[in-house]
file run-v2.cif (mmCIF, C-alpha atoms (C1' of nucleotides))
data_target
loop_
_atom_site.label_atom_id
_atom_site.label_comp_id
_atom_site.auth_asym_id
_atom_site.auth_seq_id
_atom_site.Cartn_x
_atom_site.Cartn_y
_atom_site.Cartn_z
CA MET A 27 103.54 123.77 162.19
CA ILE A 28 103.20 123.33 158.43
CA SER A 29 101.87 120.21 156.79
CA LEU A 30 102.49 119.13 153.22
CA ASN A 31 100.13 117.19 151.05
CA TYR A 32 101.90 115.44 148.21
CA ARG A 33 98.59 114.41 146.65
CA ASP A 34 97.75 118.08 146.26
CA SER A 35 98.45 119.31 142.75
CA ARG A 36 99.67 122.62 144.11
CA PRO A 37 103.46 122.91 144.31
CA ILE A 38 105.10 122.48 147.70
CA TYR A 39 106.39 126.05 147.89
CA GLU A 40 102.80 127.30 147.44
CA GLN A 41 101.53 125.09 150.24
CA ILE A 42 104.25 126.49 152.47
CA LYS A 43 103.39 130.04 151.44
CA ASP A 44 99.71 129.48 152.22
CA GLY A 45 100.46 127.81 155.52
CA LEU A 46 102.74 130.55 156.73
CA ARG A 47 100.47 133.32 155.49
CA LYS A 48 97.63 131.75 157.40
CA LEU A 49 99.71 131.68 160.57
CA ILE A 50 100.56 135.35 160.08
CA VAL A 51 97.15 136.76 159.23
CA THR A 52 95.47 134.82 162.01
CA GLY A 53 97.93 136.25 164.49
CA ALA A 54 99.36 132.87 165.41
CA MET A 55 102.63 134.33 164.16
CA PRO A 56 102.72 137.89 165.54
CA PRO A 57 104.72 140.65 163.83
CA GLY A 58 108.44 140.42 164.58
CA GLU A 59 108.36 136.75 165.46
CA LYS A 60 111.19 134.73 164.01
CA LEU A 61 110.35 132.09 161.46
CA PRO A 62 112.26 128.82 161.37
CA SER A 63 115.44 129.11 159.32
CA VAL A 64 115.45 127.99 155.71
CA ARG A 65 117.56 124.96 156.54
CA ALA A 66 115.73 124.07 159.73
CA LEU A 67 112.30 124.09 158.09
CA ALA A 68 113.67 122.15 155.12
CA MET A 69 114.99 119.48 157.44
CA GLN A 70 111.78 119.39 159.44
CA LEU A 71 109.67 118.90 156.29
CA SER A 72 112.25 116.63 154.65
CA ILE A 73 112.50 118.76 151.55
CA ASN A 74 115.18 120.79 149.81
CA PRO A 75 116.21 124.15 151.33
CA ASN A 76 115.81 125.79 147.91
CA THR A 77 112.09 125.09 148.02
CA ILE A 78 111.79 126.84 151.37
CA GLN A 79 113.85 129.73 150.12
CA ARG A 80 111.48 130.17 147.21
CA ALA A 81 108.49 130.29 149.54
CA TYR A 82 110.25 132.80 151.80
CA ASN A 83 111.26 134.92 148.81
CA GLU A 84 107.69 135.20 147.61
CA LEU A 85 106.33 135.84 151.08
CA GLU A 86 108.83 138.68 151.35
CA SER A 87 107.81 140.03 147.94
CA ASP A 88 104.20 139.95 149.09
CA GLY A 89 105.13 141.80 152.27
CA TYR A 90 104.24 139.10 154.79
CA ILE A 91 107.77 138.59 156.09
CA TYR A 92 111.14 140.29 155.92
CA SER A 93 114.51 138.58 155.86
CA VAL A 94 117.82 139.75 157.23
CA PRO A 95 120.95 137.93 156.01
CA GLY A 96 122.75 136.39 158.93
CA LYS A 97 119.88 136.93 161.34
CA GLY A 98 116.80 135.22 159.98
CA SER A 99 113.30 135.79 158.60
CA PHE A 100 110.56 137.48 160.58
CA ALA A 101 106.82 138.01 160.38
CA SER A 102 105.93 141.53 159.31
CA GLY A 103 102.60 143.06 160.23
CA ASN A 104 102.04 144.61 156.81
CA LEU A 105 98.76 146.40 156.20
CA ASP A 106 99.30 146.68 152.45
CA ALA A 107 99.70 142.93 152.14
CA ASP A 108 96.53 142.42 154.16
CA ALA A 109 94.62 144.84 151.95
CA ALA A 110 95.78 143.09 148.79
CA ARG A 111 94.89 139.69 150.20
CA LYS A 112 91.50 140.97 151.27
CA LYS A 113 90.78 142.27 147.80
CA GLU A 114 91.83 138.97 146.27
CA LEU A 115 89.67 136.94 148.63
CA LEU A 116 86.62 139.13 148.21
CA GLY A 117 86.81 138.72 144.44
CA GLN A 118 87.01 134.95 144.72
CA VAL A 119 84.21 134.72 147.26
CA ARG A 120 82.04 136.85 145.01
CA GLU A 121 82.47 134.46 142.08
CA MET A 122 81.84 131.40 144.23
CA ILE A 123 78.71 132.82 145.74
CA ALA A 124 77.39 133.57 142.26
CA GLU A 125 77.99 129.98 141.17
CA LEU A 126 76.51 128.60 144.36
CA ARG A 127 73.34 130.59 143.78
CA TYR A 128 73.15 129.14 140.27
CA LEU A 129 73.60 125.70 141.79
CA GLY A 130 70.44 126.27 143.77
CA VAL A 131 71.98 127.11 147.13
CA SER A 132 69.49 129.30 148.91
CA ARG A 133 70.20 132.68 150.37
CA GLN A 134 69.39 131.24 153.78
CA GLU A 135 71.93 128.47 153.33
CA LEU A 136 74.64 131.03 152.62
CA LEU A 137 73.64 133.16 155.57
CA ALA A 138 73.77 130.10 157.79
CA LEU A 139 77.28 129.43 156.54
CA MET A 140 78.32 132.89 157.60
CA GLU A 141 76.74 132.65 161.01
CA GLU A 142 78.53 129.37 161.53
CA GLU A 143 81.85 131.04 160.85
CA GLU A 144 80.85 133.92 163.06
CA GLU A 145 80.51 131.67 166.08
CA ARG A 146 84.00 130.37 165.60
CA LEU A 147 85.40 133.75 166.57
CA MET B 10 82.08 131.29 123.92
CA ILE B 11 85.29 130.35 125.73
CA SER B 12 88.23 132.67 126.22
CA LEU B 13 91.79 131.63 126.96
CA ASN B 14 94.30 133.56 129.01
CA TYR B 15 97.85 132.54 128.24
CA ARG B 16 99.18 134.64 131.11
CA ASP B 17 97.17 132.51 133.49
CA SER B 18 99.30 129.85 135.13
CA ARG B 19 96.45 127.37 134.93
CA PRO B 20 96.73 124.94 132.02
CA ILE B 21 94.58 125.57 128.95
CA TYR B 22 92.51 122.42 129.39
CA GLU B 23 91.57 123.56 132.89
CA GLN B 24 90.46 126.95 131.66
CA ILE B 25 88.30 125.21 129.07
CA LYS B 26 86.88 122.90 131.74
CA ASP B 27 86.02 125.82 133.98
CA GLY B 28 84.52 127.84 131.15
CA LEU B 29 82.29 125.02 129.97
CA ARG B 30 81.28 124.02 133.46
CA LYS B 31 80.25 127.57 134.13
CA LEU B 32 78.11 127.61 130.99
CA ILE B 33 76.47 124.38 132.04
CA VAL B 34 75.92 125.23 135.69
CA THR B 35 74.45 128.62 134.90
CA GLY B 36 72.05 127.10 132.41
CA ALA B 37 73.54 128.93 129.45
CA MET B 38 74.18 125.43 128.13
CA PRO B 39 70.99 123.50 128.91
CA PRO B 40 70.98 119.69 129.34
CA GLY B 41 71.12 117.88 126.02
CA GLU B 42 72.61 120.79 124.12
CA LYS B 43 75.39 119.86 121.76
CA LEU B 44 78.85 121.17 122.49
CA PRO B 45 81.17 122.18 119.68
CA SER B 46 83.09 119.22 118.30
CA VAL B 47 86.61 118.55 119.51
CA ARG B 48 88.07 119.68 116.21
CA ALA B 49 85.79 122.68 115.75
CA LEU B 50 86.54 124.12 119.18
CA ALA B 51 90.23 123.43 118.71
CA MET B 52 90.21 125.35 115.45
CA GLN B 53 88.19 128.20 116.96
CA LEU B 54 90.64 128.57 119.83
CA SER B 55 93.68 127.89 117.66
CA ILE B 56 94.92 125.07 119.84
CA ASN B 57 95.51 121.36 119.45
CA PRO B 58 92.46 119.03 119.36
CA ASN B 59 94.12 116.81 121.97
CA THR B 60 93.88 119.60 124.49
CA ILE B 61 90.14 119.93 123.90
CA GLN B 62 89.74 116.20 124.14
CA ARG B 63 91.43 116.20 127.50
CA ALA B 64 89.03 118.86 128.78
CA TYR B 65 86.04 116.93 127.44
CA ASN B 66 87.32 113.69 128.96
CA GLU B 67 87.53 115.22 132.40
CA LEU B 68 84.20 116.97 132.09
CA GLU B 69 82.69 113.60 131.24
CA SER B 70 84.43 111.96 134.20
CA ASP B 71 82.98 114.68 136.41
CA GLY B 72 79.52 114.09 134.96
CA TYR B 73 79.00 117.48 133.35
CA ILE B 74 78.83 116.19 129.77
CA TYR B 75 78.46 112.89 127.98
CA SER B 76 80.05 111.98 124.68
CA VAL B 77 78.79 109.66 121.97
CA PRO B 78 81.33 108.51 119.37
CA GLY B 79 80.23 109.62 115.94
CA LYS B 80 77.54 111.94 117.26
CA GLY B 81 79.14 114.50 119.54
CA SER B 82 79.34 115.70 123.14
CA PHE B 83 76.37 117.00 125.04
CA ALA B 84 75.63 118.86 128.24
CA SER B 85 74.26 116.55 130.91
CA GLY B 86 72.06 117.88 133.68
CA ASN B 87 73.74 115.81 136.36
CA LEU B 88 72.62 116.30 139.93
CA ASP B 89 75.51 114.33 141.39
CA ALA B 90 78.04 116.56 139.66
CA ASP B 91 76.21 119.62 140.95
CA ALA B 92 76.16 118.25 144.48
CA ALA B 93 79.87 117.53 144.40
CA ARG B 94 80.65 120.97 143.01
CA LYS B 95 78.42 122.56 145.63
CA LYS B 96 80.22 120.75 148.41
CA GLU B 97 83.58 121.79 147.00
CA LEU B 98 82.57 125.44 146.70
CA LEU B 99 81.02 125.60 150.15
CA GLY B 100 84.21 124.28 151.68
CA GLN B 101 86.29 126.89 149.93
CA VAL B 102 83.95 129.74 150.75
CA ARG B 103 83.99 128.67 154.38
CA GLU B 104 87.78 128.92 154.55
CA MET B 105 87.85 132.25 152.78
CA ILE B 106 85.25 133.77 155.03
CA ALA B 107 87.23 132.67 158.04
CA GLU B 108 90.37 134.32 156.70
CA LEU B 109 88.47 137.46 155.75
CA ARG B 110 87.16 137.76 159.28
CA TYR B 111 90.72 137.47 160.59
CA LEU B 112 91.70 140.19 158.14
CA GLY B 113 89.25 142.47 159.83
CA VAL B 114 86.41 142.31 157.31
CA SER B 115 83.24 143.02 159.22
CA ARG B 116 80.18 140.84 159.29
CA GLN B 117 78.27 143.67 157.66
CA GLU B 118 80.76 143.85 154.81
CA LEU B 119 80.26 140.17 154.08
CA LEU B 120 76.51 140.47 154.24
CA ALA B 121 76.68 143.39 151.81
CA LEU B 122 78.69 141.22 149.45
CA MET B 123 75.95 138.61 149.50
CA GLU B 124 73.16 141.10 148.94
CA GLU B 125 75.08 142.46 146.00
CA GLU B 126 75.18 139.05 144.42
CA GLU B 127 71.54 138.55 145.24
CA GLU B 128 70.50 141.51 143.15
CA ARG B 129 72.27 140.10 140.13
CA LEU B 130 69.74 137.30 139.93
"C1'" DC C 5 77.10 104.75 98.77
"C1'" DT C 6 80.29 108.13 99.74
"C1'" DA C 7 82.10 112.01 101.75
"C1'" DA C 8 82.47 114.59 105.70
"C1'" DC C 9 81.67 114.70 110.02
"C1'" DT C 10 81.95 112.73 115.04
"C1'" DG C 11 84.66 110.75 119.43
"C1'" DT C 12 88.58 108.07 120.65
"C1'" DA C 13 93.32 106.21 120.91
"C1'" DC C 14 98.19 106.10 120.49
"C1'" DT C 15 103.03 107.57 119.99
"C1'" DA C 16 106.55 110.95 119.94
"C1'" DG C 17 108.69 115.14 121.01
"C1'" DA C 18 109.28 120.00 122.64
"C1'" DA C 19 108.81 123.16 126.34
"C1'" DC C 20 108.22 124.34 130.89
"C1'" DA C 21 107.73 124.19 136.03
"C1'" DG C 22 108.92 122.08 140.18
"C1'" DT C 23 112.29 119.96 142.88
"C1'" DT C 24 116.63 118.18 144.33
"C1'" DA C 25 121.58 118.52 144.84
"C1'" DA C 26 125.97 120.42 145.74
"C1'" DT C 27 128.56 124.43 146.62
"C1'" DA C 28 129.78 128.90 147.82
"C1'" DC C 29 129.84 133.52 150.04
"C1'" DA C 30 128.98 137.02 153.49
"C1'" DG C 31 126.85 138.54 157.72
"C1'" DT C 32 125.52 137.23 162.82
"C1'" DT C 33 125.61 134.91 167.03
"C1'" DT C 34 127.69 132.40 170.79
"C1'" DA D 12 136.62 130.12 165.89
"C1'" DA D 13 132.51 127.54 165.18
"C1'" DA D 14 127.93 127.33 164.08
"C1'" DC D 15 124.41 129.54 162.70
"C1'" DT D 16 121.76 132.89 159.28
"C1'" DG D 17 120.02 134.45 154.26
"C1'" DT D 18 121.39 134.40 149.52
"C1'" DA D 19 123.16 132.94 144.95
"C1'" DT D 20 124.43 129.85 141.27
"C1'" DT D 21 124.63 125.86 138.36
"C1'" DA D 22 123.27 121.33 136.97
"C1'" DA D 23 120.31 117.55 136.59
"C1'" DC D 24 116.10 115.01 137.02
"C1'" DT D 25 111.03 114.53 136.83
"C1'" DG D 26 106.31 115.19 135.70
"C1'" DT D 27 102.95 117.99 133.28
"C1'" DT D 28 101.38 120.50 129.44
"C1'" DC D 29 100.92 121.05 124.77
"C1'" DT D 30 101.67 120.15 119.98
"C1'" DA D 31 101.88 117.07 116.01
"C1'" DG D 32 100.72 113.32 113.27
"C1'" DT D 33 98.18 109.35 112.40
"C1'" DA D 34 94.66 105.99 112.74
"C1'" DC D 35 90.09 103.66 113.49
"C1'" DA D 36 85.15 103.19 114.02
"C1'" DG D 37 80.51 105.11 114.37
"C1'" DT D 38 77.14 108.80 112.44
"C1'" DT D 39 75.12 111.89 109.33
"C1'" DA D 40 74.09 114.45 105.10
"C1'" DG D 41 74.45 114.64 100.19
#
call {"tool": "encode", "arguments": {"input": "run-v2.cif", "output": "structure tokens"}}
result
Amino acid sequence: MISLNYRDSRPIYEQIKDGLRKLIVTGAMPPGEKLPSVRALAMQLSINPNTIQRAYNELESDGYIYSVPGKGSFASGNLDADAARKKELLGQVREMIAELRYLGVSRQELLALMEEEEERL
Amino acid sequence: MISLNYRDSRPIYEQIKDGLRKLIVTGAMPPGEKLPSVRALAMQLSINPNTIQRAYNELESDGYIYSVPGKGSFASGNLDADAARKKELLGQVREMIAELRYLGVSRQELLALMEEEEERL
DNA sequence: CTAACTGTACTAGAACAGTTAATACAGTTT
DNA sequence: AAACTGTATTAACTGTTCTAGTACAGTTAG
């Protein structure tokens, strides 16, 4: 479900956040679906429950999930979170495209990249 | 020339790396041009020379600059470094575009983003 | 030649972030 | 009642980042 890369310089809780957010925005984890419990996911990934809790906390702050003590944590179809994420991504893509153009990547090459991604839908 | 953001979670030496790489890639720092000395840049930014040295070391490892003891450090028009950076950026852009599409960003919106960047050249 | 510059190297320490560990408590489910 | 849930707290360990101080050798300008 989630895979960790210990060679990655990014902290584990960030990798978990990214992994779960990806599952949610792509619809693999539909709104209302129950996430694995803090302890269960910790055991599955062989890491400390506190690290999972931190990831869940931040995902809840960002509006991607909501947690109910005693019951569990659940995916939350949150439009505000999506809008914020979209804004963030667009800004990053903009910068990268600018650098790629400086690096000599042609307009056609970038368009081809987009078409490629288009077919994957 | 380079600006530091202490609120940024990224380490200072990384911000310096990114800033200098950007100057080099965009041609603002043409091949052969002398970079500020380790001590001069450290004084200008009010940080420790060791931090600058670390940034320069990594930039040299990545092929963006070359350093000559006693003389200084210089921008190095390195095609291999550019190719590696290009590959890295393309991979990231690819992932982001995929996520943006899932977030409901239309093909037209992405194309508009590219055209926008195109006009800046 | 000498003084002031250059990159480079090394050690030591402070500060911080990330992670683990061990408990504990209260609400929910079976 | 037992086993689950999220949540909270405290302590300790580890690695990274950054600063500080010092040193050495090559280069350049006076």
call {"tool": "resolve_selection", "arguments": {"input": "run-v2.cif", "expression": "the PyMOL selection byres ((chain D) within 9 of (chain B))", "output": "ChimeraX atom specification"}}
result
/D:28-31,36-39
call {"tool": "closest_atom_pairs", "arguments": {"input": "run-v2.cif", "of": "chain B", "to": "chain A", "cutoff": "12 Å", "atoms": "all atoms listed in the file", "output": "Markdown table"}}
result
| residue | atom | partner | partner_atom | distance |
| --- | --- | --- | --- | --- |
| B:Ser18 | CA | A:Arg36 | CA | 11.5 |
| B:Arg19 | CA | A:Arg36 | CA | 10.8 |
| B:Asp27 | CA | A:Glu125 | CA | 11.6 |
| B:Arg30 | CA | A:Glu125 | CA | 10.3 |
| B:Lys31 | CA | A:Glu125 | CA | 7.8 |
| B:Leu32 | CA | A:Glu125 | CA | 10.5 |
| B:Ile33 | CA | A:Tyr128 | CA | 10.1 |
| B:Val34 | CA | A:Leu129 | CA | 6.5 |
| B:Thr35 | CA | A:Tyr128 | CA | 5.5 |
| B:Gly36 | CA | A:Tyr128 | CA | 8.2 |
| B:Ala37 | CA | A:Tyr128 | CA | 10.8 |
| B:Gly86 | CA | A:Leu129 | CA | 11.4 |
| B:Asn87 | CA | A:Leu129 | CA | 11.3 |
| B:Leu88 | CA | A:Leu129 | CA | 9.6 |
| B:Asp89 | CA | A:Leu129 | CA | 11.5 |
| B:Ala90 | CA | A:Leu129 | CA | 10.4 |
| B:Asp91 | CA | A:Leu129 | CA | 6.7 |
| B:Ala92 | CA | A:Leu129 | CA | 8.3 |
| B:Ala93 | CA | A:Leu129 | CA | 10.6 |
| B:Arg94 | CA | A:Leu129 | CA | 8.6 |
| B:Lys95 | CA | A:Leu126 | CA | 6.5 |
| B:Lys96 | CA | A:Leu126 | CA | 9.6 |
| B:Glu97 | CA | A:Met122 | CA | 10.2 |
| B:Leu98 | CA | A:Met122 | CA | 6.5 |
| B:Leu99 | CA | A:Leu126 | CA | 7.9 |
| B:Gly100 | CA | A:Leu139 | CA | 9.9 |
| B:Gln101 | CA | A:Met122 | CA | 8.5 |
| B:Val102 | CA | A:Val119 | CA | 6.1 |
| B:Arg103 | CA | A:Leu139 | CA | 7.1 |
| B:Glu104 | CA | A:Glu143 | CA | 8.9 |
| B:Met105 | CA | A:Leu115 | CA | 6.5 |
| B:Ile106 | CA | A:Glu143 | CA | 7.3 |
| B:Ala107 | CA | A:Glu143 | CA | 6.3 |
| B:Glu108 | CA | A:Thr52 | CA | 7.4 |
| B:Leu109 | CA | A:Lys112 | CA | 6.4 |
| B:Arg110 | CA | A:Glu144 | CA | 8.3 |
| B:Tyr111 | CA | A:Thr52 | CA | 5.6 |
| B:Leu112 | CA | A:Val51 | CA | 6.5 |
| B:Gly113 | CA | A:Lys112 | CA | 9.0 |
| B:Val114 | CA | A:Lys112 | CA | 8.0 |
| B:Ser115 | CA | A:Glu144 | CA | 10.2 |
| B:Arg116 | CA | A:Glu144 | CA | 7.9 |
| B:Gln117 | CA | A:Met140 | CA | 10.8 |
| B:Glu118 | CA | A:Leu116 | CA | 10.0 |
| B:Leu119 | CA | A:Met140 | CA | 8.3 |
| B:Leu120 | CA | A:Leu137 | CA | 8.0 |
| B:Ala121 | CA | A:Arg120 | CA | 10.9 |
| B:Leu122 | CA | A:Arg120 | CA | 7.1 |
| B:Met123 | CA | A:Ile123 | CA | 7.4 |
| B:Glu124 | CA | A:Arg133 | CA | 9.0 |
| B:Glu125 | CA | A:Arg120 | CA | 9.0 |
| B:Glu126 | CA | A:Ala124 | CA | 6.3 |
| B:Glu127 | CA | A:Arg133 | CA | 7.9 |
| B:Glu128 | CA | A:Ala124 | CA | 10.6 |
| B:Arg129 | CA | A:Ala124 | CA | 8.6 |
| B:Leu130 | CA | A:Arg127 | CA | 8.5 |
call {"tool": "interface_residues", "arguments": {"input": "run-v2.cif", "of": "chain C", "to": "chain A", "cutoff": "7 Å", "atoms": "all atoms listed in the file", "output": "count of residues only"}}
result
4
call {"tool": "closest_residue", "arguments": {"input": "run-v2.cif", "among": "D:DA40, D:DA13, D:DA23, D:DC35", "to": "DT34 of chain C", "atoms": "only C-alpha atoms (C1' of nucleotides)"}}
result
D:DA13
call {"tool": "closest_residue", "arguments": {"input": "run-v2.cif", "among": "A:Val64, A:Leu71, A:Ile91, A:Ile78", "to": "DC15 of chain D", "atoms": "all atoms listed in the file"}}
result
A:Val64
call {"tool": "atom_distance", "arguments": {"input": "run-v2.cif", "atom1": "atom C1' of DT16 of chain D", "atom2": "atom CA of Ser99 of chain A"}}
result
9.0 Å
call {"tool": "resolve_selection", "arguments": {"input": "run-v2.cif", "expression": "the PyMOL selection byres ((chain D and resi 18) around 9)", "output": "ChimeraX atom specification"}}
result
/A:79,95 /C:29-30 /D:17,19
call {"tool": "atom_distance", "arguments": {"input": "run-v2.cif", "atom1": "atom C1' of DT23 of chain C", "atom2": "atom CA of Ser93 of chain A"}}
result
22.8 Å
call {"tool": "atom_distance", "arguments": {"input": "run-v2.cif", "atom1": "atom C1' of DT25 of chain D", "atom2": "atom C1' of DA21 of chain C"}}
result
10.2 Å
call {"tool": "resolve_selection", "arguments": {"input": "run-v2.cif", "expression": "the PyMOL selection byres ((chain C and resi 13) around 10)", "output": "CSV table (one decimal) with C-alpha atoms (C1' of nucleotides), in the frame of the given file"}}
result
chain,number,residue,atom,x,y,z
C,11,DG,C1',84.7,110.8,119.4
C,12,DT,C1',88.6,108.1,120.6
C,14,DC,C1',98.2,106.1,120.5
C,15,DT,C1',103.0,107.6,120.0
D,34,DA,C1',94.7,106.0,112.7
D,35,DC,C1',90.1,103.7,113.5
